[in-house]
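The file final_6.pdb comes next; it holds PDB, C-alpha atoms and all ligand atoms.
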```
ATOM      1  CA  MET A1084       9.072  22.343 -17.263  1.00  0.00           C
ATOM      2  CA  HIS A1085       5.887  23.002 -15.319  1.00  0.00           C
ATOM      3  CA  LEU A1086       3.037  20.537 -15.452  1.00  0.00           C
ATOM      4  CA  GLU A1087      -0.227  21.646 -17.006  1.00  0.00           C
ATOM      5  CA  PHE A1088      -2.084  19.700 -14.304  1.00  0.00           C
ATOM      6  CA  PRO A1089      -0.971  18.314 -10.944  1.00  0.00           C
ATOM      7  CA  LEU A1090       0.655  14.864 -11.151  1.00  0.00           C
ATOM      8  CA  HIS A1091      -1.043  12.266  -8.997  1.00  0.00           C
ATOM      9  CA  THR A1092       1.092   9.238  -8.137  1.00  0.00           C
ATOM     10  CA  PRO A1093      -1.052   6.405  -6.784  1.00  0.00           C
ATOM     11  CA  THR A1094       0.410   4.761  -3.706  1.00  0.00           C
ATOM     12  CA  ALA A1095      -0.232   1.681  -1.613  1.00  0.00           C
ATOM     13  CA  LEU A1096       0.228   1.465   2.145  1.00  0.00           C
ATOM     14  CA  ILE A1097       3.116  -0.474   3.696  1.00  0.00           C
ATOM     15  CA  HIS A1098       2.277  -2.177   6.968  1.00  0.00           C
ATOM     16  CA  GLY A1099       4.028  -0.656   9.965  1.00  0.00           C
ATOM     17  CA  SER A1100       5.730   2.016   7.874  1.00  0.00           C
ATOM     18  CA  ASP A1101       5.237   5.711   7.233  1.00  0.00           C
ATOM     19  CA  THR A1102       6.623   5.326   3.722  1.00  0.00           C
ATOM     20  CA  ALA A1103       4.273   4.502   0.855  1.00  0.00           C
ATOM     21  CA  PHE A1104       4.650   2.114  -2.086  1.00  0.00           C
ATOM     22  CA  PRO A1105       4.381   4.135  -5.336  1.00  0.00           C
ATOM     23  CA  VAL A1106       2.170   2.124  -7.676  1.00  0.00           C
ATOM     24  CA  ARG A1107       3.544   1.975 -11.215  1.00  0.00           C
ATOM     25  CA  ARG A1108       1.476  -0.727 -12.918  1.00  0.00           C
ATOM     26  CA  ILE A1109      -1.131  -3.261 -11.872  1.00  0.00           C
ATOM     27  CA  TYR A1110      -0.892  -6.629 -13.608  1.00  0.00           C
ATOM     28  CA  CYS A1111      -3.513  -9.323 -13.021  1.00  0.00           C
ATOM     29  CA  VAL A1112      -3.358 -13.055 -13.746  1.00  0.00           C
ATOM     30  CA  GLY A1113      -6.417 -14.756 -15.247  1.00  0.00           C
ATOM     31  CA  ARG A1114      -7.722 -18.228 -14.309  1.00  0.00           C
ATOM     32  CA  ASN A1115      -4.966 -19.227 -11.904  1.00  0.00           C
ATOM     33  CA  TYR A1116      -7.035 -21.648  -9.781  1.00  0.00           C
ATOM     34  CA  ALA A1117      -8.461 -24.770 -11.460  1.00  0.00           C
ATOM     35  CA  ALA A1118     -11.889 -24.613  -9.801  1.00  0.00           C
ATOM     36  CA  HIS A1119     -12.338 -20.949 -10.818  1.00  0.00           C
ATOM     37  CA  ALA A1120     -11.301 -21.714 -14.412  1.00  0.00           C
ATOM     38  CA  ARG A1121     -14.005 -24.402 -14.437  1.00  0.00           C
ATOM     39  CA  GLU A1122     -16.683 -22.072 -13.034  1.00  0.00           C
ATOM     40  CA  MET A1123     -15.817 -19.605 -15.829  1.00  0.00           C
ATOM     41  CA  GLY A1124     -16.336 -22.378 -18.384  1.00  0.00           C
ATOM     42  CA  PHE A1125     -12.720 -23.315 -19.117  1.00  0.00           C
ATOM     43  CA  ASP A1126     -10.554 -26.413 -18.932  1.00  0.00           C
ATOM     44  CA  PRO A1127      -7.991 -25.691 -16.213  1.00  0.00           C
ATOM     45  CA  SER A1128      -5.202 -27.520 -17.995  1.00  0.00           C
ATOM     46  CA  ARG A1129      -1.851 -25.917 -17.401  1.00  0.00           C
ATOM     47  CA  GLU A1130      -1.750 -23.591 -20.373  1.00  0.00           C
ATOM     48  CA  PRO A1131       0.619 -20.630 -19.993  1.00  0.00           C
ATOM     49  CA  PRO A1132      -0.611 -17.882 -17.650  1.00  0.00           C
ATOM     50  CA  PHE A1133      -2.312 -14.872 -19.224  1.00  0.00           C
ATOM     51  CA  PHE A1134      -2.433 -11.316 -17.980  1.00  0.00           C
ATOM     52  CA  PHE A1135      -4.496  -8.168 -18.088  1.00  0.00           C
ATOM     53  CA  CYS A1136      -3.911  -4.766 -16.522  1.00  0.00           C
ATOM     54  CA  LYS A1137      -5.691  -2.212 -14.414  1.00  0.00           C
ATOM     55  CA  PRO A1138      -4.656   1.435 -14.239  1.00  0.00           C
ATOM     56  CA  ALA A1139      -2.486   2.290 -11.226  1.00  0.00           C
ATOM     57  CA  ASP A1140      -5.092   4.742  -9.948  1.00  0.00           C
ATOM     58  CA  ALA A1141      -7.681   1.956  -9.613  1.00  0.00           C
ATOM     59  CA  ILE A1142      -5.991   1.284  -6.238  1.00  0.00           C
ATOM     60  CA  VAL A1143      -8.127   1.767  -3.135  1.00  0.00           C
ATOM     61  CA  ASN A1144      -6.159   1.632   0.110  1.00  0.00           C
ATOM     62  CA  VAL A1145      -7.797  -0.180   3.002  1.00  0.00           C
ATOM     63  CA  PRO A1146      -5.853   0.613   6.194  1.00  0.00           C
ATOM     64  CA  SER A1147      -5.604  -2.175   8.795  1.00  0.00           C
ATOM     65  CA  GLY A1148      -8.577  -2.317  11.120  1.00  0.00           C
ATOM     66  CA  THR A1149     -10.759  -0.037   8.996  1.00  0.00           C
ATOM     67  CA  THR A1150     -13.618  -0.464   6.547  1.00  0.00           C
ATOM     68  CA  VAL A1151     -13.366   1.594   3.355  1.00  0.00           C
ATOM     69  CA  GLU A1152     -16.282   2.435   1.070  1.00  0.00           C
ATOM     70  CA  VAL A1153     -16.206   1.974  -2.695  1.00  0.00           C
ATOM     71  CA  PRO A1154     -18.975   3.150  -5.026  1.00  0.00           C
ATOM     72  CA  TYR A1155     -21.095   0.613  -6.903  1.00  0.00           C
ATOM     73  CA  PRO A1156     -19.694   1.073 -10.433  1.00  0.00           C
ATOM     74  CA  PRO A1157     -21.804   2.285 -13.358  1.00  0.00           C
ATOM     75  CA  ASN A1158     -22.989   0.192 -16.314  1.00  0.00           C
ATOM     76  CA  THR A1159     -23.185  -3.158 -14.539  1.00  0.00           C
ATOM     77  CA  THR A1160     -25.681  -5.335 -12.725  1.00  0.00           C
ATOM     78  CA  GLU A1161     -23.081  -7.991 -11.871  1.00  0.00           C
ATOM     79  CA  TYR A1162     -20.417  -6.405  -9.695  1.00  0.00           C
ATOM     80  CA  HIS A1163     -18.268  -9.337  -8.510  1.00  0.00           C
ATOM     81  CA  HIS A1164     -15.611  -9.834  -5.829  1.00  0.00           C
ATOM     82  CA  GLU A1165     -12.374 -11.697  -6.582  1.00  0.00           C
ATOM     83  CA  ILE A1166     -10.146 -12.122  -3.530  1.00  0.00           C
ATOM     84  CA  GLU A1167      -6.446 -12.441  -4.423  1.00  0.00           C
ATOM     85  CA  LEU A1168      -2.879 -12.577  -3.198  1.00  0.00           C
ATOM     86  CA  VAL A1169      -1.068  -9.474  -4.451  1.00  0.00           C
ATOM     87  CA  VAL A1170       2.690  -9.441  -5.081  1.00  0.00           C
ATOM     88  CA  ALA A1171       4.544  -6.112  -4.819  1.00  0.00           C
ATOM     89  CA  ILE A1172       7.682  -5.844  -6.946  1.00  0.00           C
ATOM     90  CA  GLY A1173      10.706  -4.104  -5.429  1.00  0.00           C
ATOM     91  CA  ARG A1174      13.470  -4.752  -7.938  1.00  0.00           C
ATOM     92  CA  SER A1175      13.741  -4.185 -11.680  1.00  0.00           C
ATOM     93  CA  GLY A1176      14.171  -7.082 -14.079  1.00  0.00           C
ATOM     94  CA  HIS A1177      13.253  -8.790 -17.330  1.00  0.00           C
ATOM     95  CA  ASP A1178      13.576 -12.421 -18.407  1.00  0.00           C
ATOM     96  CA  ILE A1179      13.885 -13.247 -14.723  1.00  0.00           C
ATOM     97  CA  PRO A1180      14.793 -16.903 -14.064  1.00  0.00           C
ATOM     98  CA  ILE A1181      12.319 -18.764 -11.849  1.00  0.00           C
ATOM     99  CA  GLU A1182      15.021 -19.473  -9.285  1.00  0.00           C
ATOM    100  CA  HIS A1183      15.721 -15.737  -8.855  1.00  0.00           C
ATOM    101  CA  ALA A1184      12.120 -14.516  -9.117  1.00  0.00           C
ATOM    102  CA  LEU A1185      11.508 -14.074  -5.395  1.00  0.00           C
ATOM    103  CA  ASP A1186      14.528 -11.744  -5.168  1.00  0.00           C
ATOM    104  CA  HIS A1187      12.347  -9.211  -7.025  1.00  0.00           C
ATOM    105  CA  VAL A1188       9.501  -9.336  -4.491  1.00  0.00           C
ATOM    106  CA  PHE A1189       9.181  -6.410  -2.092  1.00  0.00           C
ATOM    107  CA  GLY A1190       6.205  -7.833  -0.264  1.00  0.00           C
ATOM    108  CA  TYR A1191       2.703  -9.258  -0.321  1.00  0.00           C
ATOM    109  CA  ALA A1192      -0.821  -8.043   0.350  1.00  0.00           C
ATOM    110  CA  VAL A1193      -4.400  -9.201   0.185  1.00  0.00           C
ATOM    111  CA  GLY A1194      -6.450  -7.486  -2.513  1.00  0.00           C
ATOM    112  CA  LEU A1195      -9.735  -7.534  -4.404  1.00  0.00           C
ATOM    113  CA  ASP A1196      -9.889  -7.659  -8.212  1.00  0.00           C
ATOM    114  CA  MET A1197     -13.372  -6.124  -8.492  1.00  0.00           C
ATOM    115  CA  THR A1198     -15.067  -7.040 -11.750  1.00  0.00           C
ATOM    116  CA  ARG A1199     -18.068  -5.946 -13.819  1.00  0.00           C
ATOM    117  CA  ARG A1200     -18.733  -9.594 -14.712  1.00  0.00           C
ATOM    118  CA  ASP A1201     -21.533  -8.957 -17.178  1.00  0.00           C
ATOM    119  CA  LEU A1202     -19.315  -6.610 -19.205  1.00  0.00           C
ATOM    120  CA  GLN A1203     -16.249  -8.858 -18.910  1.00  0.00           C
ATOM    121  CA  LEU A1204     -18.092 -11.921 -20.221  1.00  0.00           C
ATOM    122  CA  ALA A1205     -19.771  -9.998 -23.056  1.00  0.00           C
ATOM    123  CA  LEU A1206     -16.400  -8.569 -24.122  1.00  0.00           C
ATOM    124  CA  ARG A1207     -14.727 -11.967 -23.792  1.00  0.00           C
ATOM    125  CA  ASP A1208     -17.364 -13.649 -25.944  1.00  0.00           C
ATOM    126  CA  LYS A1209     -16.880 -11.017 -28.665  1.00  0.00           C
ATOM    127  CA  GLY A1210     -13.091 -11.295 -28.499  1.00  0.00           C
ATOM    128  CA  ARG A1211     -12.808  -7.712 -27.271  1.00  0.00           C
ATOM    129  CA  PRO A1212     -10.438  -6.283 -24.618  1.00  0.00           C
ATOM    130  CA  TRP A1213     -11.478  -6.636 -20.966  1.00  0.00           C
ATOM    131  CA  GLU A1214     -10.843  -3.083 -19.756  1.00  0.00           C
ATOM    132  CA  LEU A1215     -14.492  -2.092 -19.358  1.00  0.00           C
ATOM    133  CA  GLY A1216     -15.054  -5.164 -17.203  1.00  0.00           C
ATOM    134  CA  LYS A1217     -11.855  -5.030 -15.190  1.00  0.00           C
ATOM    135  CA  ALA A1218     -10.036  -1.693 -15.335  1.00  0.00           C
ATOM    136  CA  PHE A1219     -12.650   0.683 -13.934  1.00  0.00           C
ATOM    137  CA  ASP A1220     -12.288   3.270 -11.153  1.00  0.00           C
ATOM    138  CA  HIS A1221     -11.869   1.890  -7.598  1.00  0.00           C
ATOM    139  CA  SER A1222     -11.540  -1.679  -8.938  1.00  0.00           C
ATOM    140  CA  ALA A1223      -8.395  -2.641  -6.996  1.00  0.00           C
ATOM    141  CA  PRO A1224      -8.850  -2.434  -3.209  1.00  0.00           C
ATOM    142  CA  ILE A1225      -5.706  -3.501  -1.348  1.00  0.00           C
ATOM    143  CA  ALA A1226      -4.659  -3.971   2.291  1.00  0.00           C
ATOM    144  CA  PRO A1227      -1.281  -2.649   3.481  1.00  0.00           C
ATOM    145  CA  ILE A1228       1.674  -4.453   1.896  1.00  0.00           C
ATOM    146  CA  ARG A1229       3.680  -6.666   4.254  1.00  0.00           C
ATOM    147  CA  ARG A1230       7.396  -6.697   3.549  1.00  0.00           C
ATOM    148  CA  ALA A1231       8.819 -10.073   2.514  1.00  0.00           C
ATOM    149  CA  SER A1232      11.729  -9.272   4.821  1.00  0.00           C
ATOM    150  CA  GLU A1233       9.224  -9.466   7.690  1.00  0.00           C
ATOM    151  CA  VAL A1234       6.678 -12.115   6.643  1.00  0.00           C
ATOM    152  CA  GLY A1235       8.787 -14.272   4.324  1.00  0.00           C
ATOM    153  CA  HIS A1236       7.553 -15.538   0.959  1.00  0.00           C
ATOM    154  CA  ILE A1237       3.922 -16.558   0.860  1.00  0.00           C
ATOM    155  CA  ASP A1238       3.128 -19.750  -1.076  1.00  0.00           C
ATOM    156  CA  ARG A1239       0.521 -21.507   1.062  1.00  0.00           C
ATOM    157  CA  GLY A1240      -2.100 -20.789   3.651  1.00  0.00           C
ATOM    158  CA  PRO A1241      -5.783 -19.845   3.693  1.00  0.00           C
ATOM    159  CA  LEU A1242      -7.219 -17.150   1.398  1.00  0.00           C
ATOM    160  CA  TRP A1243     -10.847 -16.173   1.910  1.00  0.00           C
ATOM    161  CA  VAL A1244     -13.541 -13.543   1.501  1.00  0.00           C
ATOM    162  CA  GLN A1245     -16.904 -13.225   3.203  1.00  0.00           C
ATOM    163  CA  VAL A1246     -19.834 -11.008   2.259  1.00  0.00           C
ATOM    164  CA  ASP A1247     -21.786  -9.789   5.293  1.00  0.00           C
ATOM    165  CA  GLY A1248     -20.163 -12.538   7.338  1.00  0.00           C
ATOM    166  CA  LYS A1249     -20.988 -15.410   4.989  1.00  0.00           C
ATOM    167  CA  ASP A1250     -18.238 -17.377   3.242  1.00  0.00           C
ATOM    168  CA  ARG A1251     -18.022 -16.735  -0.522  1.00  0.00           C
ATOM    169  CA  GLN A1252     -14.491 -17.751  -1.493  1.00  0.00           C
ATOM    170  CA  ARG A1253     -12.130 -19.901   0.565  1.00  0.00           C
ATOM    171  CA  THR A1254      -9.087 -21.815  -0.640  1.00  0.00           C
ATOM    172  CA  ASP A1255      -5.421 -22.384   0.060  1.00  0.00           C
ATOM    173  CA  LEU A1256      -2.709 -20.508  -1.828  1.00  0.00           C
ATOM    174  CA  SER A1257      -1.001 -23.845  -2.504  1.00  0.00           C
ATOM    175  CA  LYS A1258      -3.748 -24.362  -5.133  1.00  0.00           C
ATOM    176  CA  LEU A1259      -2.399 -21.620  -7.396  1.00  0.00           C
ATOM    177  CA  ILE A1260      -1.829 -23.177 -10.834  1.00  0.00           C
ATOM    178  CA  TRP A1261       1.106 -20.832 -11.478  1.00  0.00           C
ATOM    179  CA  SER A1262       3.248 -20.002  -8.437  1.00  0.00           C
ATOM    180  CA  VAL A1263       4.460 -16.494  -7.637  1.00  0.00           C
ATOM    181  CA  SER A1264       7.921 -17.387  -8.988  1.00  0.00           C
ATOM    182  CA  GLU A1265       6.467 -18.776 -12.212  1.00  0.00           C
ATOM    183  CA  ILE A1266       4.209 -15.730 -12.667  1.00  0.00           C
ATOM    184  CA  ILE A1267       7.143 -13.323 -12.256  1.00  0.00           C
ATOM    185  CA  ALA A1268       9.332 -15.345 -14.617  1.00  0.00           C
ATOM    186  CA  ASN A1269       6.644 -15.513 -17.302  1.00  0.00           C
ATOM    187  CA  LEU A1270       5.390 -11.907 -16.984  1.00  0.00           C
ATOM    188  CA  SER A1271       8.974 -10.609 -17.128  1.00  0.00           C
ATOM    189  CA  THR A1272       9.412 -12.123 -20.590  1.00  0.00           C
ATOM    190  CA  TYR A1273       6.740  -9.668 -21.823  1.00  0.00           C
ATOM    191  CA  PHE A1274       7.464  -6.581 -19.702  1.00  0.00           C
ATOM    192  CA  THR A1275      10.389  -5.245 -17.719  1.00  0.00           C
ATOM    193  CA  LEU A1276       9.143  -5.389 -14.158  1.00  0.00           C
ATOM    194  CA  GLU A1277       9.953  -2.329 -12.080  1.00  0.00           C
ATOM    195  CA  PRO A1278       9.702  -1.355  -8.436  1.00  0.00           C
ATOM    196  CA  GLY A1279       6.136  -0.225  -7.852  1.00  0.00           C
ATOM    197  CA  ASP A1280       4.516  -2.912  -9.965  1.00  0.00           C
ATOM    198  CA  LEU A1281       1.742  -4.959  -8.365  1.00  0.00           C
ATOM    199  CA  ILE A1282       0.632  -8.394  -9.538  1.00  0.00           C
ATOM    200  CA  TYR A1283      -2.829  -9.677  -8.589  1.00  0.00           C
ATOM    201  CA  THR A1284      -2.245 -13.430  -8.795  1.00  0.00           C
ATOM    202  CA  GLY A1285      -5.753 -14.684  -9.589  1.00  0.00           C
ATOM    203  CA  THR A1286      -8.845 -15.734  -7.675  1.00  0.00           C
ATOM    204  CA  PRO A1287     -10.254 -19.083  -6.541  1.00  0.00           C
ATOM    205  CA  GLU A1288     -13.766 -20.391  -7.149  1.00  0.00           C
ATOM    206  CA  GLY A1289     -16.795 -18.784  -5.556  1.00  0.00           C
ATOM    207  CA  VAL A1290     -16.773 -15.390  -7.265  1.00  0.00           C
ATOM    208  CA  GLY A1291     -20.129 -13.691  -6.969  1.00  0.00           C
ATOM    209  CA  PRO A1292     -22.081 -10.454  -6.802  1.00  0.00           C
ATOM    210  CA  VAL A1293     -22.087  -7.778  -4.128  1.00  0.00           C
ATOM    211  CA  GLN A1294     -24.846  -5.205  -3.712  1.00  0.00           C
ATOM    212  CA  ARG A1295     -24.949  -1.690  -2.316  1.00  0.00           C
ATOM    213  CA  GLY A1296     -24.708  -1.779   1.482  1.00  0.00           C
ATOM    214  CA  GLN A1297     -22.882  -5.112   1.610  1.00  0.00           C
ATOM    215  CA  THR A1298     -19.446  -5.514   3.182  1.00  0.00           C
ATOM    216  CA  MET A1299     -16.669  -7.770   1.879  1.00  0.00           C
ATOM    217  CA  THR A1300     -14.135  -8.964   4.452  1.00  0.00           C
ATOM    218  CA  GLY A1301     -11.211 -10.923   3.073  1.00  0.00           C
ATOM    219  CA  GLY A1302      -7.854 -12.089   4.246  1.00  0.00           C
ATOM    220  CA  ILE A1303      -4.777 -14.218   3.900  1.00  0.00           C
ATOM    221  CA  THR A1304      -3.257 -15.867   6.935  1.00  0.00           C
ATOM    222  CA  GLY A1305      -0.048 -14.017   7.718  1.00  0.00           C
ATOM    223  CA  LEU A1306      -0.979 -10.944   5.665  1.00  0.00           C
ATOM    224  CA  GLY A1307      -3.984  -9.615   7.554  1.00  0.00           C
ATOM    225  CA  GLU A1308      -7.457  -8.699   6.346  1.00  0.00           C
ATOM    226  CA  LEU A1309      -9.295  -6.020   4.417  1.00  0.00           C
ATOM    227  CA  SER A1310     -12.869  -4.807   4.705  1.00  0.00           C
ATOM    228  CA  VAL A1311     -14.732  -2.951   1.954  1.00  0.00           C
ATOM    229  CA  THR A1312     -18.333  -1.711   1.911  1.00  0.00           C
ATOM    230  CA  VAL A1313     -20.190  -1.002  -1.349  1.00  0.00           C
ATOM    231  CA  ARG A1314     -22.035   2.309  -1.283  1.00  0.00           C
TER     232      ARG A1314
HETATM  233 MN    MN B1401      -8.831 -11.762 -10.840  1.00  0.00          MN
END
```

Structure encoded using structure tokens:
Amino acid sequence: MHLEFPLHTPTALIHGSDTAFPVRRIYCVGRNYAAHAREMGFDPSREPPFFFCKPADAIVNVPSGTTVEVPYPPNTTEYHHEIELVVAIGRSGHDIPIEHALDHVFGYAVGLDMTRRDLQLALRDKGRPWELGKAFDHSAPIAPIRRASEVGHIDRGPLWVQVDGKDRQRTDLSKLIWSVSEIIANLSTYFTLEPGDLIYTGTPEGVGPVQRGQTMTGGITGLGELSVTVR
């Protein structure tokens, strides 16, 4: 069977490799740092994690040592950065036990969950889905994935983002409410995880707006940095 239109498979870069990571789905965790839950107006008690999705083609690859441009998105005046640890899944599974969860991890990356905050909050307050606020084009910049076989499993260490050189978000990954293992275990009760899935694990406090011409530089110790300019 011939395709009516060309098939475009989104991919992410793999650090130090000429193979690419084919992106199947992008899952995102909401309110996974207590101080960010509070700044969004919520009690950060340890209620079960919740998830939303972005389309796979929202990925924007940011090669090491480069700055990539993303367009300021339409229909917003509050375009916010959310710096996050991203988990790349390399092995299929469902109902994955916590103690085996890390066996399903291919690697880790630093990423940005870009958000039209004004739309997200308006949708949230009306009990509507978040897609218009979260799942727009170019909303998932990501640095090259580092293989867990090379960098180990990442559960602590600094996570930060600056805008034009000024600190906006800075925390330690040990402050995640739900750990990577717990996220994988819980998410895999709802969906069969497959190789190619990415999980954005949530953002710490300090989310805020970026304007045209500004540059976000974020990183995670051990995983490198990414740099994105808004055009
Ligand atoms: Mn987020």

I'd like to know which of A:Leu1086, A:Val1313, A:Leu1276, A:Ala1218 is closest to A:Arg1107, using only C-alpha atoms.
A:Leu1276

So, with all atoms listed in the file as the atoms that count, which of A:Pro1093, A:Pro1127, A:Pro1132, A:Pro1241 lies closest to A:Ile1266?
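The shortest atom-to-atom distance to A:Ile1266 comes from A:Pro1132.
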
Grab the atom CA of A:Arg1295 to atom CA of A:Ala1226 distance for me, in Å with one decimal place.
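Pair atom CA of A:Arg1295 / atom CA of A:Ala1226 returns 20.9 Å.
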
The PyMOL selection byres (((not hetatm)) within 6 of (chain B and resi 1401)) resolved against shown file, as a count of residues only
5

For stretch 1254-1257 of chain A, please output as a PyMOL selection string all residues within 6 Å (counting only C-alpha atoms; exclusion window: fewer than 6 positions along the same chain).
chain A and resi 1238-1242

C-alpha atoms of the current selection, written as a compact mmCIF listing (two decimals), in the frame of the given file:
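Result file follows (part-v2.txt):
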```txt
# COMPACT_ATOMS: atom_id res chain seq x y z
CA ASP A 1238 3.13 -19.75 -1.08
CA ARG A 1239 0.52 -21.51 1.06
CA GLY A 1240 -2.10 -20.79 3.65
CA PRO A 1241 -5.78 -19.84 3.69
CA LEU A 1242 -7.22 -17.15 1.40
```

For A:Ser1310, please output as a list in words all residues within 6 Å (counting only C-alpha atoms; exclusion window: fewer than 2 positions along the same chain).
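Using only C-alpha atoms, the neighbours found are Thr1150, Met1299 and Thr1300 of chain A.
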
Check the smallest atom-to-atom distance from each of A:Asp1140, A:Thr1272, A:Asp1247, A:Ile1260 to A:Ala1120 using only C-alpha atoms, then report the winner.
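Under the stated criterion, the closest residue is A:Ile1260.
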
Can you pull out the residues contacting A:Pro1156? Cut-off 9 Å, using all atoms listed in the file, and skip same-chain residues under 6 positions away; I want them as a compact mmCIF listing (two decimals) with C-alpha atoms, in the frame of the given file.
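Okay, selection30.txt is ready:
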```
# COMPACT_ATOMS: atom_id res chain seq x y z
CA TYR A 1162 -20.42 -6.40 -9.70
CA ARG A 1199 -18.07 -5.95 -13.82
CA PHE A 1219 -12.65 0.68 -13.93
CA ASP A 1220 -12.29 3.27 -11.15
CA HIS A 1221 -11.87 1.89 -7.60
CA SER A 1222 -11.54 -1.68 -8.94
```

Centre, edges in Å (one decimal): axis-aligned box, stretch 1234-1240 of chain A, 3 Å padding on all six sides, as lines of an AutoDock Vina configuration file:
```
center_x = 3.3
center_y = -16.8
center_z = 2.8
size_x = 16.9
size_y = 15.4
size_z = 13.7
```

Would you mind listing what lies within 6 Å of stretch 1095-1105 of chain A as a VMD selection string, with all atoms listed in the file counted and same-chain residues fewer than 5 positions away left out?
chain A and resid 1227 to 1229 1279

Quick one: distance from atom CA of A:Val1169 to atom CA of A:Val1290 in Å, one decimal?
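Separating atom CA of A:Val1169 from atom CA of A:Val1290 is a distance of 17.0 Å.
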
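Between atom CA of A:Trp1243 and atom CA of A:Gly1301 the separation is 5.4 Å.
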
Evaluate the PyMOL selection byres (((chain A and resi 1175-1187) around 8) and not hetatm) on the structure here and hand back the selected residues as number ranges by chain.
A: 1172-1174, 1188-1189, 1236, 1263-1265, 1267-1269, 1271-1278

Can you put all heavy atoms back into stretch 1264-1269 of chain A and show it as a PDB file, keeping the file's coordinate frame?
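What follows is the written file out-v7.pdb:
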```pdb
ATOM      1  N   SER A1264       6.656 -17.369  -8.222  1.00  0.00           N
ATOM      2  CA  SER A1264       7.921 -17.387  -8.988  1.00  0.00           C
ATOM      3  C   SER A1264       7.668 -17.583 -10.475  1.00  0.00           C
ATOM      4  O   SER A1264       8.287 -16.919 -11.320  1.00  0.00           O
ATOM      5  CB  SER A1264       8.832 -18.507  -8.487  1.00  0.00           C
ATOM      6  OG  SER A1264       9.278 -18.244  -7.190  1.00  0.00           O
ATOM      7  N   GLU A1265       6.764 -18.500 -10.798  1.00  0.00           N
ATOM      8  CA  GLU A1265       6.467 -18.776 -12.212  1.00  0.00           C
ATOM      9  C   GLU A1265       5.772 -17.588 -12.874  1.00  0.00           C
ATOM     10  O   GLU A1265       6.026 -17.279 -14.045  1.00  0.00           O
ATOM     11  CB  GLU A1265       5.600 -20.031 -12.316  1.00  0.00           C
ATOM     12  CG  GLU A1265       6.359 -21.300 -11.957  1.00  0.00           C
ATOM     13  CD  GLU A1265       5.455 -22.510 -11.802  1.00  0.00           C
ATOM     14  OE1 GLU A1265       4.285 -22.361 -11.391  1.00  0.00           O
ATOM     15  OE2 GLU A1265       5.930 -23.626 -12.074  1.00  0.00           O
ATOM     16  N   ILE A1266       4.884 -16.915 -12.131  1.00  0.00           N
ATOM     17  CA  ILE A1266       4.209 -15.730 -12.667  1.00  0.00           C
ATOM     18  C   ILE A1266       5.228 -14.642 -12.992  1.00  0.00           C
ATOM     19  O   ILE A1266       5.206 -14.048 -14.084  1.00  0.00           O
ATOM     20  CB  ILE A1266       3.169 -15.197 -11.652  1.00  0.00           C
ATOM     21  CG1 ILE A1266       2.003 -16.171 -11.506  1.00  0.00           C
ATOM     22  CG2 ILE A1266       2.670 -13.812 -12.065  1.00  0.00           C
ATOM     23  CD1 ILE A1266       1.123 -15.888 -10.288  1.00  0.00           C
ATOM     24  N   ILE A1267       6.135 -14.375 -12.047  1.00  0.00           N
ATOM     25  CA  ILE A1267       7.143 -13.323 -12.256  1.00  0.00           C
ATOM     26  C   ILE A1267       8.032 -13.673 -13.445  1.00  0.00           C
ATOM     27  O   ILE A1267       8.326 -12.822 -14.297  1.00  0.00           O
ATOM     28  CB  ILE A1267       7.975 -13.122 -10.970  1.00  0.00           C
ATOM     29  CG1 ILE A1267       7.103 -12.458  -9.895  1.00  0.00           C
ATOM     30  CG2 ILE A1267       9.241 -12.310 -11.241  1.00  0.00           C
ATOM     31  CD1 ILE A1267       7.744 -12.421  -8.518  1.00  0.00           C
ATOM     32  N   ALA A1268       8.459 -14.926 -13.512  1.00  0.00           N
ATOM     33  CA  ALA A1268       9.332 -15.345 -14.617  1.00  0.00           C
ATOM     34  C   ALA A1268       8.625 -15.154 -15.954  1.00  0.00           C
ATOM     35  O   ALA A1268       9.193 -14.597 -16.909  1.00  0.00           O
ATOM     36  CB  ALA A1268       9.761 -16.798 -14.417  1.00  0.00           C
ATOM     37  N   ASN A1269       7.365 -15.598 -16.032  1.00  0.00           N
ATOM     38  CA  ASN A1269       6.644 -15.513 -17.302  1.00  0.00           C
ATOM     39  C   ASN A1269       6.320 -14.068 -17.665  1.00  0.00           C
ATOM     40  O   ASN A1269       6.570 -13.623 -18.798  1.00  0.00           O
ATOM     41  CB  ASN A1269       5.367 -16.348 -17.225  1.00  0.00           C
ATOM     42  CG  ASN A1269       4.657 -16.425 -18.562  1.00  0.00           C
ATOM     43  OD1 ASN A1269       4.010 -15.477 -18.993  1.00  0.00           O
ATOM     44  ND2 ASN A1269       4.815 -17.545 -19.248  1.00  0.00           N
TER      45      ASN A1269
END
```
